[in-house]
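Student: Encoded as structure tokens, here's the structure I'll be asking about.
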Amino acid sequence: MSASESASAQQDYRLPTNVKPTHYDLTVWTDIANSKFEGIVHIDLTVNKDTSTIVLNTANLQLGDVSLKSGGSLENVQTASGQEFDPVNERAVFSFAKALSAGTSARLSATFKGDLTGDMLGYYYSTGGKDGELKYTLTQFEPTAARRAFPCWDEPLLKATFAVSLVSRVNSVNLSNMPAVSEDVYKPGSPISEPWIAQKLSSLPDPGQWKVTRFETTPPVSTYLVAYANGPFEFLESSYKSPLSGKVRPLRIYATADVISQAQYALDIKRMVLPLYEEVFDIEYPLPKLDTLVASDFDSGAMENWGLITGRTQAFLLDPKSSDIKYKQNVAATQSHEVAHMWFGNITTMEWWDNLYLNEGRTISLWKLDADFLSAHFYRARALDAKPSSHPIEVECPDANMINQASFAAIFDHLSYAKAASVLRMLASYVGEERFIKGVSIYLKKHMYKNSVTRNLWEGIQAATDLDIPKMMDNWVKKIGYPVVTVTEKDGGILVRQDRFLETGPADPKDNETIWTIPLNLLTVDGEGKPVLNKDILLDDREKFIPLDTSKPFKLNADTTGFYAVKYSADRLAKLGQQAAAPNSPFTLSDRIGLVCDALALSRAGYTTVSSTLELVSLLRDEKESFVWDAIATNLSTIASTWWENPGVVERLNELRRELFVPIVKRLGLEFSDSDSYDDVQLRTTAIEQAAEAGDPWVLSELKSRFDHFLKTGDDSKIHGNLTTIIFRMSVQEGGQPEWEAVKRVAAKSKNPSQSLSAMRSLGATKDLNLAEETFKFIMTEARDQDTFFYAGGLMRNPATRRFLANKFKENFEAFEKRYASNFTALIRWVEASFGGLSSDKDYEETAAFFKDRDTSKFDMALKQTLDTIKSRAAWLKRSTAELTEWLEQRGNSKL
């Protein structure tokens, strides 16, 4: 594409720059009872070019009067002489008889009306409360839904200040980004600064039953971060003291009365992390308050609106007496992630969505422990980036039809989030965490209240390190994929070579052109056996020889900080396993996790054998750390899930799982205590789950007895929070109608979101296809839109219902399209859940054929990735079934 063509394409999907908004006075009247809203917006404009037209974004709104003031004192008033609407690009074009002159100011005013829907985007309603009938409203604008709530320049670069006023019923609570400066019950005939309010309320039969809440003006902010809400909310309150200024800021979390008692933990996390972020970035949180609003209906997990974080109940509510430890971690992670956005994304915002990772990447990696980060983010990103259908972190801007809710969810997946965090973590390890943070602080301070691109972040880190950061990082951000580093032992050292890693096997030359700059992080040992780490070696060519004494332990990618796989010979991998399992091993916890996960990824792609992975796992059977066992469990489950239609392999593999995990259950027991260490809690939970899934009679009997007590008495006190999911799942799997009905009741109405989530994920575990039909019927008729994919995930996880789910989705595809017509993530999740567990060439062909002539624009990326998954699983089966079967049989025979 030529430069002129590129500029023209950009013009097509970006708003014209003839005027620029600087300030919005936004007034919104909310009528919850009748599911509608109305309002008026006054937008101050700077005129950059002579123009008689103004183009802005609007969608699903009925616009009323549109007028324009101009002149030195805005004394010239004219109404729009023409209005055109472009529903595809979601724009309105207003024409005026008298042109605006460059260098002047103007004020555009427009009234608007809209419907409050349950679509979970724009300005929408949610239902909750004790009886599930309580109705309230909130916003979700990212990425392009502010235009559904009021006409605006809905692009991240076009920052402006906002003064929001909300008109609502007197017995409700109004929230927005900033604190309220006034709140008055409307008195007919009393003076009011916004005439539209008086006009609107005087037309109602009960004008004295409405109030007007005015909020402070925001700093410059992008439209997608503007937020407001109205409803019968209650709150918990705390505060924190800024370590930089000593200023005390109030912190609140809002929810409906029935669940507000479960919001304390999220509030405590917010109170703890805010001062930490201030110290890390050396920038004080700039707003006067920070609220969190918990909603029953919320499409994504949470949203970082400046000063008013919003999110679903599963993201923020926690019952400390009955929630499991992983759920507790997720609540802490979500609140911490959204608070980090107050700096990354809110103070400094990407110019356009191709740089979204500047918002998201660092918010993940800043606070996570390394071992947890590997399992939660690092390897999920690597699995996705190993697919032929992967895409770079920095995605080239799509056209106008692609910058919308659906494409946003499709493109900005784990690669824009977790891979971004992973490569930034790699960079931080290479330059040193202290210098990295200093560079980030330089970047944030330089671009405070402004917008940024990738180059700006690299400049900040370069200023702090005196290193050529773009040279090292550009290919990691701008190119697809990641490398596998192959280690070949030679006389006097090792030869290392980089190639693109693909789950389908060694890359063809056309797919293997990128040369990454790879920090090799070489770990060796000295004469006393103590670890020595060399962080200076970079692999920035195809191959490199490194002098090394290979008779002593060594390992590349120490601490698993680099976003790449390392392939050793089978003999070396066995030695690494022995060295990792030895007392006083030089290898860290993250090293051992990396060894296990790399081994499976390489065998899955055909670089090594599955048996070499299982040999490594066997060598680590005396491992004590829960995170390593979690990696082992995940990888064994992956193998079992891939060979799900080969009962001989699955049962032999389950023998190995029982052999590995049942002794841990017996050592740690099935009961939890307040005195348990974090590691014991995690390891006990993982071991019980694996033993139960592998069919151990003793563990299954113990879990069944706990559920039977609940089934007979309604008392769930014997079901510990950490075991709720596995107890529910095994009870549905091994039981019948009574167990299924009991879990369904919990899914429909539970005492806390954690228990509800466990029930949703377990309802599909049945072996009875009649109950599977009932599960699917429940999904289609009773489940909340935001929760349906949790049930789908349970059906996909269950071998007995996996193909049933795929067929039901195909049979009901039109119903799903209609149900999620305005939702931008649900179809993506359903496609992944419905087909991602399949493993044959026939499944691939049938799935591809089903979607061939259908509109897949809302989930195109997810479909391609899912088809890649099916294809790679099928190839793995064909390549490794004989070898895996032989290894499992030999292992079984050797025990006789």
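To be explicit about the labels: the chains of the structure tokens are called A, B, and onward in the order shown, and within each one the residues are counted from 1, while ligands get numbers from 1 in the order they are shown.
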Can you pull out every residue from range 343-583 of chain A that DSSP, working from the backbone, puts in helix (DSSP H, G or I), and format the result as JSON, numbers by chain?
Tutor: {"A": [353, 354, 355, 357, 358, 359, 360, 361, 362, 363, 364, 365, 370, 371, 372, 373, 374, 375, 376, 377, 378, 379, 380, 381, 382, 383, 384, 385, 405, 406, 407, 408, 409, 410, 411, 414, 415, 416, 417, 418, 419, 420, 421, 422, 423, 424, 425, 426, 427, 428, 429, 430, 431, 433, 434, 435, 436, 437, 438, 439, 440, 441, 442, 443, 444, 445, 446, 454, 455, 456, 457, 458, 459, 460, 461, 462, 463, 464, 465, 469, 470, 471, 472, 473, 474, 475, 476, 477, 478, 509, 510, 511, 558, 559, 560, 570, 571, 572, 573, 574, 575, 576, 577, 578, 579, 580, 581]}
Student: Set the distance at 8 Å and use only C-alpha atoms: which residues neighbour Leu158 in chain A once local chain neighbours fewer than 2 positions away are removed? I'd like the list as a PyMOL selection string.
Tutor: chain A and resi 20-21+153-156+160+222-223
Student: Those selected residues, please, written with N, CA, C and O atoms and delivered as a short mmCIF file (atom, residue, chain, number, x, y, z; two decimals), in the first residue's frame.
Tutor:
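Result file is selection_26.cif:
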data_model
loop_
_atom_site.label_atom_id
_atom_site.label_comp_id
_atom_site.auth_asym_id
_atom_site.auth_seq_id
_atom_site.Cartn_x
_atom_site.Cartn_y
_atom_site.Cartn_z
N LYS A 20 -11.84 19.37 16.93
CA LYS A 20 -11.43 18.46 18.01
C LYS A 20 -12.18 18.82 19.28
O LYS A 20 -12.21 20.00 19.67
N PRO A 21 -12.80 17.85 19.94
CA PRO A 21 -13.50 18.15 21.20
C PRO A 21 -12.51 18.43 22.32
O PRO A 21 -11.45 17.78 22.40
N TRP A 153 -17.09 12.06 20.00
CA TRP A 153 -15.92 11.66 19.22
C TRP A 153 -15.33 10.45 19.94
O TRP A 153 -14.54 10.57 20.88
N ASP A 154 -15.73 9.26 19.47
CA ASP A 154 -15.50 8.03 20.24
C ASP A 154 -14.21 7.34 19.80
O ASP A 154 -14.22 6.19 19.35
N GLU A 155 -13.10 8.04 19.93
CA GLU A 155 -11.78 7.50 19.62
C GLU A 155 -10.83 7.83 20.76
O GLU A 155 -10.90 8.93 21.32
N PRO A 156 -9.93 6.92 21.11
CA PRO A 156 -9.10 7.13 22.30
C PRO A 156 -8.20 8.36 22.22
O PRO A 156 -7.88 8.97 23.24
N ALA A 160 -10.87 14.55 26.14
CA ALA A 160 -11.50 15.81 26.53
C ALA A 160 -11.87 15.71 28.00
O ALA A 160 -11.86 14.62 28.59
N SER A 222 -10.32 9.73 27.60
CA SER A 222 -10.93 9.16 26.40
C SER A 222 -12.36 8.74 26.71
O SER A 222 -12.68 8.36 27.84
N THR A 223 -13.22 8.76 25.67
CA THR A 223 -14.63 8.46 25.89
C THR A 223 -14.86 7.06 26.45
O THR A 223 -15.80 6.84 27.22
#
Student: Could you give me, as a PyMOL selection string, each residue of range 472-512 of chain A that DSSP assigns to strand (DSSP E) when run on this structure's backbone?
Tutor: chain A and resi 483-490+493-500
Student: Env of range 205-214 of chain A: 9 Å cut, atoms = only C-alpha atoms, seq-sep filter 5 positions within chain, self excluded. Answer as a PyMOL selection string.
Tutor: chain A and resi 27+29+163-171+174-175+179-188+197-198+200
Student: Skip Phe813 in chain A itself and residues of its chain fewer than 3 positions away, then list as a ChimeraX atom specification all residues within 12 Å of it, counting only C-alpha atoms.
Tutor: /A:780,805-810,816-821,827,830-831,834,850-851,854-856
Student: I need the residues from that last selection saved to file as a PDB file, in the first residue's frame (with C-alpha atoms), if you can.
Tutor:
ATOM      1  CA  MET A 780     -31.009 -21.553  26.472  1.00  0.00           C
ATOM      2  CA  LEU A 805     -22.186 -29.836  22.638  1.00  0.00           C
ATOM      3  CA  ALA A 806     -20.728 -29.272  19.175  1.00  0.00           C
ATOM      4  CA  ASN A 807     -23.869 -30.634  17.553  1.00  0.00           C
ATOM      5  CA  LYS A 808     -26.209 -28.628  19.786  1.00  0.00           C
ATOM      6  CA  PHE A 809     -24.380 -25.425  19.004  1.00  0.00           C
ATOM      7  CA  LYS A 810     -24.677 -26.102  15.290  1.00  0.00           C
ATOM      8  CA  PHE A 816     -27.216 -17.912  19.420  1.00  0.00           C
ATOM      9  CA  GLU A 817     -26.720 -15.304  16.700  1.00  0.00           C
ATOM     10  CA  LYS A 818     -29.986 -13.651  17.653  1.00  0.00           C
ATOM     11  CA  ARG A 819     -29.376 -13.866  21.397  1.00  0.00           C
ATOM     12  CA  TYR A 820     -25.927 -12.323  21.137  1.00  0.00           C
ATOM     13  CA  ALA A 821     -26.551  -9.890  18.287  1.00  0.00           C
ATOM     14  CA  LEU A 827     -20.055 -16.086  20.355  1.00  0.00           C
ATOM     15  CA  TRP A 830     -19.115 -20.399  22.534  1.00  0.00           C
ATOM     16  CA  VAL A 831     -17.145 -21.263  19.403  1.00  0.00           C
ATOM     17  CA  SER A 834     -18.096 -25.993  21.438  1.00  0.00           C
ATOM     18  CA  PHE A 850     -20.458 -25.794   8.883  1.00  0.00           C
ATOM     19  CA  PHE A 851     -19.073 -22.259   9.025  1.00  0.00           C
ATOM     20  CA  ARG A 854     -21.937 -18.335   7.352  1.00  0.00           C
ATOM     21  CA  ASP A 855     -21.134 -14.839   8.587  1.00  0.00           C
ATOM     22  CA  THR A 856     -18.268 -15.387  11.032  1.00  0.00           C
TER      23      THR A 856
END
Student: So that I can see what lies close to Ala599 in chain A, please list as an MDAnalysis selection string the residues with an atom at most 12 Å from it, counting only C-alpha atoms and leaving out residues fewer than 2 positions away in the same chain.
Tutor: chainID A and resid 484 565:570 572:574 576:577 592:597 601:617 631:632 635:636
Student: Which residues come within 10 Å of Lys326 in chain A, counting only C-alpha atoms, excluding same-chain residues fewer than 3 positions away, as a ChimeraX atom specification?
Tutor: /A:323,329-332,682,685,721-722,754
Student: Considering only C-alpha atoms, return as a count of residues only whatever protein or nucleic-acid residues lie within 9 Å of Ile283 in chain A, sequence-local ones (same chain, fewer than 3 positions apart) excluded.
Tutor: 10
Student: With distances taken over only C-alpha atoms, which residue among A:Glu671, A:Glu90, A:Glu811, A:Glu503 lies nearest Ala386 in chain A?
Tutor: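 The closest residue to Ala386 in chain A is A:Glu503.
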Student: In terms of the shortest atom-to-atom distance over only C-alpha atoms, which of A:Pro647, A:Pro753, A:Ile480, A:Gly794 is closest to Leu318 in chain A?
Tutor: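 Of A:Pro647, A:Pro753, A:Ile480, A:Gly794, the one nearest Leu318 in chain A, counting only C-alpha atoms, is A:Pro753.
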Student: So how many Å separate CA of Asn456 in chain A and CA of Tyr443 in chain A, to one decimal?
Tutor: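 Taking CA of Asn456 in chain A and CA of Tyr443 in chain A, their separation equals 6.6 Å.
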Student: So what do you get for CA of Val525 in chain A versus CA of Leu374 in chain A, distance-wise?
Tutor: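 Atom-to-atom, CA of Val525 in chain A and CA of Leu374 in chain A are spaced 24.5 Å apart.
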